[in-house]
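Q: Let me give you the structure first, and then I'll get to my questions.
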Amino acid sequence: MRPLLIVTLAILLISVPISAPRAAETVVAALPEEPAGLDPHLYFDPAASTFIFPCYQRLVGFKPGGTEPEPELALTWRISDDGLLYTFVLRQGQVFSDNRPVNAETVRASFQRALGLGRVQRSQFPTLADIQILGPCTIRFVLTRQTPDFVHALASSAGSIVSPGASEQTPGYLEKNTLGSGSYTLRSWEPGREIVLSVREDLAGRPAIERFVGRFEASPAGRLEMVLLGQADAALKLDPDQSARLEADPGTDLVVTPVLKTRLLALNCRRPWLDRPEARRALALAIDRHELPSALPASSYTNQTAPLPRGMWGVRTDMAAPRYDSLEARAALDRIGRPDRELVLVVADTPARSRDEARIIVNHLEAVGLKVKTAACPEDRFETALKAGEFDLALVWRRSRLGDPQTYLLELLSSDRPGGPEGNTAFYANPVVDDLLRRAGSEKRPSPRLRLFERVQKTAVEDTPYVFFYQLNELAGISKWIGGADRNPLRPLVLPLGRMTKAPPREEELEDDPFLLWY
């Protein structure tokens, strides 16, 4: 039956415009934007990261699909008891693409280069005071104060280790060239069309993917067509309304990656009535959290229940947020009493959807007898209100820059950082939470730190300074021939080329989907 099926499908589908997959060692990706340059110490944007990360190593990286640190160029590291000294032991035998060795001296030179260019110090390493050589493969970083996200900063593009040979090249050489110790190197760049990376010829233990082609297509529709027609193995940053076509295509997977950007409602804990946890819990019960993103395509968001977003190290996805129960909310409000004033809900006046989301919140709260008025503000006025605490409720976005849970929870919940769009917007203060965060900051062992993060999240959910709504997703279409393409929530435009494979789908997939016999 099977040969007959193949022949029959070949006859029926001969006109389907799907090109044969490219060679197994080559991956082509349809990308939304061309980078301005590839110098890892100058360009931190997603377009540049797509090509920078495969070509350079960093002392640490992240485990697949999340933000838990793991060794990369370093074998191990240790942190001093006071949190000011970070000592790394490097892997031996690592070599840059210009044949220079990677050692403590070249790592220090790379960081000195990055700091000397002026952009890195302000953004990634503001507390770095000194870099000391303790041995040929041992290096120490000295900080001016405790910096919980320092290891996560080392995993960023700014932490990429550049060969000292870059200083011997003409100014701007790394704008259009690469000099790293990563598995790949820049092979060609055709402006406006594509960038090609290839595996280094001197590399031992070569990855399965030997060639990567990043092809630029600004239109999401154009990128989608490229992957559906077999002109690309992956199409990144697709629109949510393209999900149905991807799900219907037998040769392509819809891959959804939650990114570290979340939507939440801050309840101002300094305001009368809202300073009571039982009042905040009653208010949270009155809001249907699932209705807020209901107008969005289902693939564009992930419901959030815990303070930490999905994909971040330490998140508890099984944590139960207050459920929607208007009857229980009304009963609780009858018991504790309602405020004797209108609650003010502030929201940025752009995008337009913000007003729609505010209207949903107001409708739910008014349904249980609360009086609420909305104040839509320009962005600058909105930020001023958040910093000054001139609101009862505030509909805000939160984003994690480096993916460190300690820093994220400190900014969200610490009483030392009150107010503002990037601080403790709810003006929440709980000495227990402050103490747990301090202990987590001084704890060096991963497992005890995770337990402390769990207790922080559990306490915050019980105290309800925020109502957590949803987290945005980044969508991609990836050929079923591709394996191991789990993307990092901080860098959804970076494909993990070193872990990826390319091969026909498994036998059982072929039998389940006869179309793939032809594809």
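Quick note on naming: the chains in the structure tokens go A, B, ... in the order shown, residues restart at 1 in each chain, and ligands are numbered from 1 in order of appearance.
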According to DSSP computed on the backbone, where in segment 33-267 of chain A is there alpha helix (DSSP H)? Give the residues as a ChimeraX atom specification.
A: /A:46-55,104-117,120-123,150-154,220-228,243-248
Q: Using only C-alpha atoms, which residues of segment 51-141 of chain A come within 12 Å of segment 32-42 of chain A, and what is the closest atom pair for each, with the distance in Å to one decimal? Give it as JSON lines, sorted by chain and residue number.
A:
```
{"residue": "A:Phe51", "atom": "CA", "partner": "A:Leu38", "partner_atom": "CA", "distance": 7.3}
{"residue": "A:Ile52", "atom": "CA", "partner": "A:Leu38", "partner_atom": "CA", "distance": 6.2}
{"residue": "A:Phe53", "atom": "CA", "partner": "A:Pro40", "partner_atom": "CA", "distance": 8.6}
{"residue": "A:Pro54", "atom": "CA", "partner": "A:Pro40", "partner_atom": "CA", "distance": 11.4}
{"residue": "A:Cys55", "atom": "CA", "partner": "A:Pro40", "partner_atom": "CA", "distance": 9.8}
{"residue": "A:Tyr56", "atom": "CA", "partner": "A:Pro40", "partner_atom": "CA", "distance": 8.4}
{"residue": "A:Gln57", "atom": "CA", "partner": "A:Pro40", "partner_atom": "CA", "distance": 10.7}
{"residue": "A:Arg58", "atom": "CA", "partner": "A:Pro40", "partner_atom": "CA", "distance": 10.8}
{"residue": "A:Ser110", "atom": "CA", "partner": "A:His41", "partner_atom": "CA", "distance": 9.2}
{"residue": "A:Phe111", "atom": "CA", "partner": "A:His41", "partner_atom": "CA", "distance": 9.0}
{"residue": "A:Gln112", "atom": "CA", "partner": "A:His41", "partner_atom": "CA", "distance": 10.5}
{"residue": "A:Arg113", "atom": "CA", "partner": "A:His41", "partner_atom": "CA", "distance": 8.1}
{"residue": "A:Ala114", "atom": "CA", "partner": "A:His41", "partner_atom": "CA", "distance": 5.2}
{"residue": "A:Leu115", "atom": "CA", "partner": "A:His41", "partner_atom": "CA", "distance": 8.3}
{"residue": "A:Gly116", "atom": "CA", "partner": "A:His41", "partner_atom": "CA", "distance": 9.6}
{"residue": "A:Leu117", "atom": "CA", "partner": "A:His41", "partner_atom": "CA", "distance": 7.4}
{"residue": "A:Gly118", "atom": "CA", "partner": "A:Leu42", "partner_atom": "CA", "distance": 8.7}
{"residue": "A:Arg119", "atom": "CA", "partner": "A:Leu42", "partner_atom": "CA", "distance": 6.5}
{"residue": "A:Val120", "atom": "CA", "partner": "A:His41", "partner_atom": "CA", "distance": 6.6}
{"residue": "A:Gln121", "atom": "CA", "partner": "A:His41", "partner_atom": "CA", "distance": 10.1}
{"residue": "A:Arg122", "atom": "CA", "partner": "A:His41", "partner_atom": "CA", "distance": 12.0}
{"residue": "A:Ser123", "atom": "CA", "partner": "A:His41", "partner_atom": "CA", "distance": 11.0}
{"residue": "A:Gln124", "atom": "CA", "partner": "A:His41", "partner_atom": "CA", "distance": 10.5}
{"residue": "A:Phe125", "atom": "CA", "partner": "A:His41", "partner_atom": "CA", "distance": 11.9}
```
Q: Can you work out the spacing between atom CA of Phe469 of chain A and atom CA of Pro446 of chain A in Å, to one decimal?
A: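 Computed distance, atom CA of Phe469 of chain A to atom CA of Pro446 of chain A, equals 28.3 Å.
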Q: Find the nearest atom pair between each residue of segment 267-302 of chain A and segment 405-429 of chain A for residues within 7 Å, count only C-alpha atoms, give distances in Å to one decimal, sort rows by chain and ascending number, and present the table as a Markdown table.
A:
```
| residue | atom | partner | partner_atom | distance |
| --- | --- | --- | --- | --- |
| A:Leu267 | CA | A:Ala426 | CA | 5.3 |
| A:Asn268 | CA | A:Ala426 | CA | 4.5 |
| A:Cys269 | CA | A:Tyr428 | CA | 5.5 |
| A:Arg270 | CA | A:Phe427 | CA | 6.3 |
```
Q: Contacts of segment 235-244 of chain A at 9 Å or less, counting only C-alpha atoms, minus same-chain residues fewer than 3 places along, as JSON, numbers by chain?
A: {"A": [28, 29, 30, 31, 32, 220, 221, 223, 224, 225, 226, 227, 232, 247, 248, 249, 254, 296, 297, 298, 299, 300, 473, 474, 475, 476, 477, 478, 479, 492, 493]}
Q: Pull C-alpha atoms from the residues just selected and write them as a PDB file, in the first residue's frame.
A:
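Heads up, here's the output in result.pdb:
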```
ATOM      1  CA  VAL A  28      17.846  29.043   6.077  1.00  0.00           C
ATOM      2  CA  ALA A  29      15.860  31.445   8.266  1.00  0.00           C
ATOM      3  CA  ALA A  30      13.542  34.228   7.121  1.00  0.00           C
ATOM      4  CA  LEU A  31      14.318  37.213   9.353  1.00  0.00           C
ATOM      5  CA  PRO A  32      12.432  40.497   9.837  1.00  0.00           C
ATOM      6  CA  PRO A 220       5.525  38.881   7.943  1.00  0.00           C
ATOM      7  CA  ALA A 221       3.453  37.580   5.018  1.00  0.00           C
ATOM      8  CA  ARG A 223       8.404  35.349   5.735  1.00  0.00           C
ATOM      9  CA  LEU A 224       5.449  33.022   6.141  1.00  0.00           C
ATOM     10  CA  GLU A 225       5.383  32.208   2.438  1.00  0.00           C
ATOM     11  CA  MET A 226       9.097  31.437   2.488  1.00  0.00           C
ATOM     12  CA  VAL A 227       8.717  28.714   5.102  1.00  0.00           C
ATOM     13  CA  ALA A 232      13.292  28.687   4.352  1.00  0.00           C
ATOM     14  CA  GLU A 247      -1.170  24.947  12.033  1.00  0.00           C
ATOM     15  CA  ALA A 248      -2.801  23.758   8.808  1.00  0.00           C
ATOM     16  CA  ASP A 249       0.496  23.227   6.996  1.00  0.00           C
ATOM     17  CA  LEU A 254       3.907  26.631  14.818  1.00  0.00           C
ATOM     18  CA  LEU A 296      -6.084  38.771  21.030  1.00  0.00           C
ATOM     19  CA  PRO A 297      -5.303  35.677  18.931  1.00  0.00           C
ATOM     20  CA  ALA A 298      -4.873  32.734  21.294  1.00  0.00           C
ATOM     21  CA  SER A 299      -1.325  32.074  20.107  1.00  0.00           C
ATOM     22  CA  SER A 300      -0.151  35.615  20.915  1.00  0.00           C
ATOM     23  CA  ASN A 473       4.416  35.202  22.879  1.00  0.00           C
ATOM     24  CA  GLU A 474       6.800  35.314  19.942  1.00  0.00           C
ATOM     25  CA  LEU A 475       5.704  33.115  17.022  1.00  0.00           C
ATOM     26  CA  ALA A 476       7.781  31.231  14.482  1.00  0.00           C
ATOM     27  CA  GLY A 477       7.135  28.734  11.731  1.00  0.00           C
ATOM     28  CA  ILE A 478       9.768  25.987  11.728  1.00  0.00           C
ATOM     29  CA  SER A 479      10.066  23.075   9.319  1.00  0.00           C
ATOM     30  CA  PRO A 492      13.632  34.718  20.347  1.00  0.00           C
ATOM     31  CA  LEU A 493      15.458  35.725  17.141  1.00  0.00           C
TER      32      LEU A 493
END
```
